[in-house]
Amino acid sequence: MYEAHFHLGRKPFASHPEPEMMYWAEGHKMARTMLIYGLTATSGIVVITGEIGSGKTTLLNHILSQDTSGHVLGRLNGAVGLGEDVCAWVLYGMGMDPGEASPTRNLSRLQSFLSELHTKRRKAVLFIDEAQLLSEGVMEELRLLSDMQMGGQPVLQLVLLGQPELARILNQPILMQFRQRIVSHYHLKALSSDETISYVESRIAQAGGQTDLFTKDALRSLHARTDGIPRRINILCDTAFVYAFAHGETRITRDTLDKVVDDRSQHGLLEIG
């Protein structure tokens, strides 16, 4: 809609994850290291937490798209219903259809699958996004599965990603054994003021635009408006482009951002600052 007006090759800001547009703030670099550790660690569980929209899923998508470990990577979302058969859920996450098999049969299938990987000196790594939605019972069953060893070596690595609530859940006494298996936990923080500016300029540049499309005043106000949360930044910036385009403006000013925020606030849709 506004791309040609601002001489952009594509939209620089989207509300959905875009791994190819990844901006490597210090926190994201560290979280990336922890996720890669999940691919190389011989045992234990890795946990990554962060606010809604902080970039956890984008980071995960990037890791999965760039993986060269040779391991079998699976992915699940804690919001997806799984019934009472956790093994069936894990099989599904690893790309296999559990069908109508019994829980006992699915456990046998999972063990056979992991055994086959072990003979090839490979392992399964299961990434679970939105893990704060998992029940304590499911987490305990996942722990038991991750404890399985073959030839003295673990064969299923767990990596959990979730909102800050996940840390509170894992600190419950009932999950003490699960917590003891966690070898690494990193909390992905929001972007700093300087990182927010660099983030915006980086995405505009990757979209083929000039990095001065936002005035200095507008850039300085972005952090306060969005708390440095990438998804909020994307929503505000994308809408600001629409507003500026509608008024025939060639740059995004602080007044443009104020207008966007005021309009969203009046309609009860304020999610950005």
# chains A, B, ... in the order shown; residues from 1 in each chain; ligands from 1

call {"tool": "residues_around", "arguments": {"residues": "A:Gly50", "least_positions_apart": "3", "cutoff": "7 Å", "atoms": "only C-alpha atoms", "output": "number ranges by chain"}}
result
A: 54, 56, 162-164, 187-189

call {"tool": "write_last_selection", "arguments": {"atoms": "C-alpha atoms", "output": "CSV table (one decimal), in the first residue's frame"}}
result
chain,number,residue,atom,x,y,z
A,54,SER,CA,9.7,-9.8,22.6
A,56,LYS,CA,11.0,-15.6,21.1
A,162,GLY,CA,7.3,-19.1,27.1
A,163,GLN,CA,6.1,-15.9,28.7
A,164,PRO,CA,7.4,-14.8,32.1
A,187,HIS,CA,15.0,-14.2,30.1
A,188,LEU,CA,14.8,-12.2,26.9
A,189,LYS,CA,14.4,-8.6,27.9

call {"tool": "residues_around", "arguments": {"residues": "A:Val159", "least_positions_apart": "4", "cutoff": "10 Å", "atoms": "only C-alpha atoms", "output": "PyMOL selection string"}}
result
chain A and resi 34-39+44-48+75+125-129+131+182+184-185

call {"tool": "residues_around", "arguments": {"residues": "A:Ser198", "least_positions_apart": "6", "cutoff": "10 Å", "atoms": "only C-alpha atoms", "output": "PDB file with C-alpha atoms, in the first residue's frame"}}
result
ATOM      1  CA  TYR A  23      17.675  -7.828  14.487  1.00  0.00           C
ATOM      2  CA  TRP A  24      20.409  -9.100  16.788  1.00  0.00           C
ATOM      3  CA  ALA A  25      20.161  -7.092  19.994  1.00  0.00           C
ATOM      4  CA  LEU A 191      15.085  -3.532  23.657  1.00  0.00           C
ATOM      5  CA  SER A 192      16.853  -0.543  25.174  1.00  0.00           C
ATOM      6  CA  ILE A 204      13.891  -0.128   7.088  1.00  0.00           C
ATOM      7  CA  THR A 211      17.051   4.971   7.390  1.00  0.00           C
ATOM      8  CA  LEU A 219      12.780   7.618  16.876  1.00  0.00           C
TER       9      LEU A 219
END

call {"tool": "residues_around", "arguments": {"residues": "stretch 61-71 of chain A", "least_positions_apart": "2", "cutoff": "8 Å", "atoms": "only C-alpha atoms", "output": "count of residues only"}}
result
17

call {"tool": "atom_distance", "arguments": {"atom1": "atom CA of A:Ser43", "atom2": "atom CA of A:Glu165"}}
result
24.3 Å

call {"tool": "residues_around", "arguments": {"residues": "A:Thr42", "least_positions_apart": "3", "cutoff": "8 Å", "atoms": "only C-alpha atoms", "output": "list in words"}}
result
Gln153, Pro154 and Gln157 of chain A

call {"tool": "select_by_dssp", "arguments": {"residues": "stretch 103-233 of chain A", "states": "helix (DSSP H, G or I)", "output": "number ranges by chain"}}
result
A: 103-119, 131-133, 136-146, 165-170, 173-180, 193-206, 216-226, 230-233

call {"tool": "write_last_selection", "arguments": {"atoms": "C-alpha atoms", "output": "tab-separated table (two decimals), in the first residue's frame"}}
result
chain	number	residue	atom	x	y	z
A	103	PRO	CA	-0.78	-44.62	24.62
A	104	THR	CA	1.22	-47.82	25.14
A	105	ARG	CA	1.71	-48.21	21.39
A	106	ASN	CA	2.74	-44.58	21.03
A	107	LEU	CA	5.31	-44.94	23.81
A	108	SER	CA	6.73	-47.95	21.99
A	109	ARG	CA	6.85	-46.02	18.72
A	110	LEU	CA	8.61	-43.11	20.39
A	111	GLN	CA	11.17	-45.40	22.01
A	112	SER	CA	11.84	-47.11	18.67
A	113	PHE	CA	12.22	-43.74	16.97
A	114	LEU	CA	14.69	-42.51	19.60
A	115	SER	CA	16.57	-45.80	19.53
A	116	GLU	CA	17.01	-45.55	15.78
A	117	LEU	CA	18.38	-42.02	16.15
A	118	HIS	CA	20.78	-43.20	18.84
A	119	THR	CA	22.25	-45.85	16.56
A	131	ALA	CA	5.15	-23.56	27.17
A	132	GLN	CA	3.45	-21.60	29.97
A	133	LEU	CA	0.20	-23.16	28.73
A	136	GLU	CA	2.04	-29.51	35.58
A	137	GLY	CA	1.08	-33.08	34.73
A	138	VAL	CA	2.20	-32.75	31.12
A	139	MET	CA	5.48	-31.16	32.19
A	140	GLU	CA	6.16	-34.05	34.52
A	141	GLU	CA	5.51	-36.56	31.75
A	142	LEU	CA	7.81	-34.63	29.45
A	143	ARG	CA	10.51	-34.73	32.11
A	144	LEU	CA	10.19	-38.50	32.37
A	145	LEU	CA	10.51	-38.80	28.59
A	146	SER	CA	13.57	-36.54	28.54
A	165	GLU	CA	4.59	-16.86	33.72
A	166	LEU	CA	6.51	-19.98	32.73
A	167	ALA	CA	9.21	-19.22	35.31
A	168	ARG	CA	6.57	-18.90	38.04
A	169	ILE	CA	5.00	-22.20	37.03
A	170	LEU	CA	8.35	-23.99	37.03
A	173	PRO	CA	7.14	-27.30	44.49
A	174	ILE	CA	5.34	-29.94	42.43
A	175	LEU	CA	7.79	-29.32	39.56
A	176	MET	CA	10.96	-29.52	41.63
A	177	GLN	CA	12.27	-32.54	39.70
A	178	PHE	CA	11.59	-30.82	36.40
A	179	ARG	CA	13.35	-27.69	37.64
A	180	GLN	CA	16.39	-29.72	38.66
A	193	SER	CA	16.21	2.95	23.81
A	194	ASP	CA	19.31	2.82	21.58
A	195	GLU	CA	18.46	-0.72	20.45
A	196	THR	CA	14.93	0.39	19.55
A	197	ILE	CA	16.33	3.04	17.23
A	198	SER	CA	18.81	0.58	15.69
A	199	TYR	CA	16.03	-1.99	15.30
A	200	VAL	CA	13.83	0.42	13.34
A	201	GLU	CA	16.68	1.61	11.13
A	202	SER	CA	17.82	-1.97	10.50
A	203	ARG	CA	14.40	-3.14	9.35
A	204	ILE	CA	13.89	-0.13	7.09
A	205	ALA	CA	17.31	-0.72	5.52
A	206	GLN	CA	16.51	-4.41	4.97
A	216	LYS	CA	15.08	11.84	15.17
A	217	ASP	CA	12.25	13.06	17.40
A	218	ALA	CA	10.04	10.18	16.29
A	219	LEU	CA	12.78	7.62	16.88
A	220	ARG	CA	13.45	8.93	20.37
A	221	SER	CA	9.76	8.65	21.32
A	222	LEU	CA	9.34	5.09	20.03
A	223	HIS	CA	10.88	3.38	23.04
A	224	ALA	CA	8.58	5.11	25.52
A	225	ARG	CA	5.57	4.34	23.34
A	226	THR	CA	6.34	0.63	23.01
A	230	PRO	CA	9.54	-5.56	19.01
A	231	ARG	CA	5.95	-6.53	18.16
A	232	ARG	CA	4.62	-3.28	19.58
A	233	ILE	CA	7.27	-1.36	17.67

call {"tool": "atom_distance", "arguments": {"atom1": "atom CA of A:Gly83", "atom2": "atom CA of A:Leu60"}}
result
25.2 Å

call {"tool": "closest_residue", "arguments": {"among": "A:Arg264, A:His28, A:Thr256, A:Gly9", "to": "A:Val242", "atoms": "only C-alpha atoms"}}
result
A:Thr256

call {"tool": "select_by_dssp", "arguments": {"residues": "stretch 35-240 of chain A", "states": "strand (DSSP E or B)", "output": "PyMOL selection string"}}
result
chain A and resi 45-50+72-77+124-129+149-150+153-154+156-162+182-188+214

call {"tool": "atom_distance", "arguments": {"atom1": "atom CA of A:Phe245", "atom2": "atom CA of A:Met1"}}
result
8.7 Å
